[in-house]
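Below is protein.cif, which holds mmCIF, C-alpha atoms and all ligand atoms.
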```
data_my_file
loop_
_atom_site.label_atom_id
_atom_site.label_comp_id
_atom_site.auth_asym_id
_atom_site.auth_seq_id
_atom_site.Cartn_x
_atom_site.Cartn_y
_atom_site.Cartn_z
CA MET A 1 -21.29 36.31 25.95
CA LYS A 2 -18.36 34.17 27.12
CA CYS A 3 -17.46 30.52 26.75
CA LEU A 4 -18.66 28.44 29.71
CA TYR A 5 -15.45 26.41 29.65
CA CYS A 6 -12.58 28.83 29.02
CA GLN A 7 -14.23 32.29 29.29
CA SER A 8 -13.07 33.28 25.78
CA GLU A 9 -15.12 35.23 23.25
CA LEU A 10 -17.90 33.53 21.34
CA LYS A 11 -18.77 34.30 17.77
CA ARG A 12 -21.77 33.44 15.64
CA GLY A 13 -21.30 30.30 13.61
CA LYS A 14 -22.51 26.78 13.05
CA ALA A 15 -21.94 23.71 15.16
CA THR A 16 -22.74 20.03 15.22
CA PHE A 17 -25.07 18.68 17.87
CA THR A 18 -24.51 15.04 18.79
CA ASP A 19 -26.34 12.97 21.34
CA SER A 20 -26.73 9.34 22.20
CA ARG A 21 -30.09 8.60 23.76
CA ASN A 22 -32.94 6.19 23.88
CA GLY A 23 -30.97 3.56 21.94
CA TYR A 24 -29.89 5.70 19.00
CA VAL A 25 -27.20 8.21 18.10
CA ILE A 26 -28.15 11.49 16.46
CA VAL A 27 -25.84 13.96 14.67
CA LEU A 28 -27.27 17.30 13.54
CA GLN A 29 -24.81 19.33 11.48
CA ASP A 30 -24.79 23.06 10.64
CA ILE A 31 -26.92 24.18 13.59
CA PRO A 32 -26.64 27.93 14.25
CA ALA A 33 -24.69 28.46 17.47
CA TRP A 34 -22.24 30.65 19.32
CA VAL A 35 -18.83 29.08 18.91
CA CYS A 36 -15.84 29.72 21.21
CA THR A 37 -12.93 31.33 19.38
CA GLN A 38 -10.50 29.58 21.74
CA CYS A 39 -11.67 26.01 22.41
CA GLY A 40 -14.37 25.66 19.74
CA GLU A 41 -17.05 24.64 22.23
CA PRO A 42 -20.52 25.54 20.91
CA LEU A 43 -23.28 27.26 22.87
CA PHE A 44 -26.74 26.83 21.40
CA ASP A 45 -29.17 29.69 22.01
CA PRO A 46 -32.75 29.07 23.21
CA GLY A 47 -34.17 29.08 19.68
CA ALA A 48 -31.74 26.41 18.51
CA VAL A 49 -32.25 24.36 21.68
CA ALA A 50 -36.03 24.42 21.14
CA GLY A 51 -35.54 23.29 17.54
CA ILE A 52 -33.20 20.48 18.57
CA GLN A 53 -35.65 19.28 21.23
CA ASP A 54 -38.40 19.31 18.63
CA VAL A 55 -36.33 17.05 16.36
CA LEU A 56 -35.46 14.70 19.24
CA ARG A 57 -39.12 14.43 20.26
CA ALA A 58 -40.11 13.53 16.71
CA VAL A 59 -37.32 10.93 16.40
CA ASP A 60 -38.19 9.43 19.82
CA GLU A 61 -41.78 9.00 18.69
CA ARG A 62 -40.85 7.31 15.45
CA VAL A 63 -38.27 5.06 17.09
CA GLU A 64 -40.94 3.89 19.51
CA LYS A 65 -43.26 3.23 16.60
CA LEU A 66 -40.49 1.31 14.81
CA ARG A 67 -39.82 -0.87 17.85
CA ALA A 68 -43.52 -1.67 18.09
CA VAL A 69 -43.55 -3.17 14.57
CA ALA A 70 -44.54 -6.78 14.92
ZN ZN A 101 -13.93 28.12 25.13
#
```

Can the structure from this file be put into structure tokens for me?
Amino acid sequence: MKCLYCQSELKRGKATFTDSRNGYVIVLQDIPAWVCTQCGEPLFDPGAVAGIQDVLRAVDERVEKLRAVA
């Protein structure tokens, strides 16, 4: 597997996922990922992506609930 950005080798490691969405910023540290040995860009595999989406769905739900507090 090669880096999408610089075509260098990837190795198994951990990376931080950050996203700003739906009115909040989320930072998930130590997520298993393939990390580029050259530029450090992470590539999350399907299992990690599914897990991240699961977390985001749960947070979205609770944020909506929070905003609905009268
Ligand atoms: Zn790279």

Distance of CA of Gln38 in chain A from CA of Lys11 in chain A, expressed in Å to one decimal place: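 Distance reported for this atom pair: 10.3 Å.
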
Distance criterion (only C-alpha atoms and all ligand atoms): nearest to ligand ZN 101 (chain A) out of A:Ala68, A:Leu10, A:Ala48, A:Ala33: A:Leu10

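Nearest residue to Asp30 in chain A, choosing from A:Ala15, A:Ile52, A:Val63, A:Met1 and counting all atoms listed in the file: A:Ala15.
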
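Using only C-alpha atoms and all ligand atoms, residues with at least one atom at most 7 Å away from any atom of ligand ZN 101 (chain A) are Cys3, Leu4, Tyr5, Cys6, Gln7, Ser8, Cys36, Thr37, Gln38, Cys39, Gly40 and Glu41 of chain A.
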
Residue neighbourhood range 56-60 of chain A, 12 Å, only C-alpha atoms, exclusion window fewer than 4 positions, as a VMD selection string: chain A and resid 17 to 28 49 to 52 64 to 67

Nearest candidate to Asp45 in chain A (options A:Glu61, A:Gln29, A:Glu9, A:Lys14; using only C-alpha atoms):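 Ranking A:Glu61, A:Gln29, A:Glu9, A:Lys14 by distance to Asp45 in chain A, first place goes to A:Lys14.
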
How big is the axis-aligned box, and where does its centre sit, when it encloses all atoms of range 22-34 of chain A listed in the file and has 5 Å added on every side, reported in Å to one decimal as JSON?
```
{"center_x": -27.6, "center_y": 17.1, "center_z": 17.3, "size_x": 20.7, "size_y": 37.1, "size_z": 23.2}
```
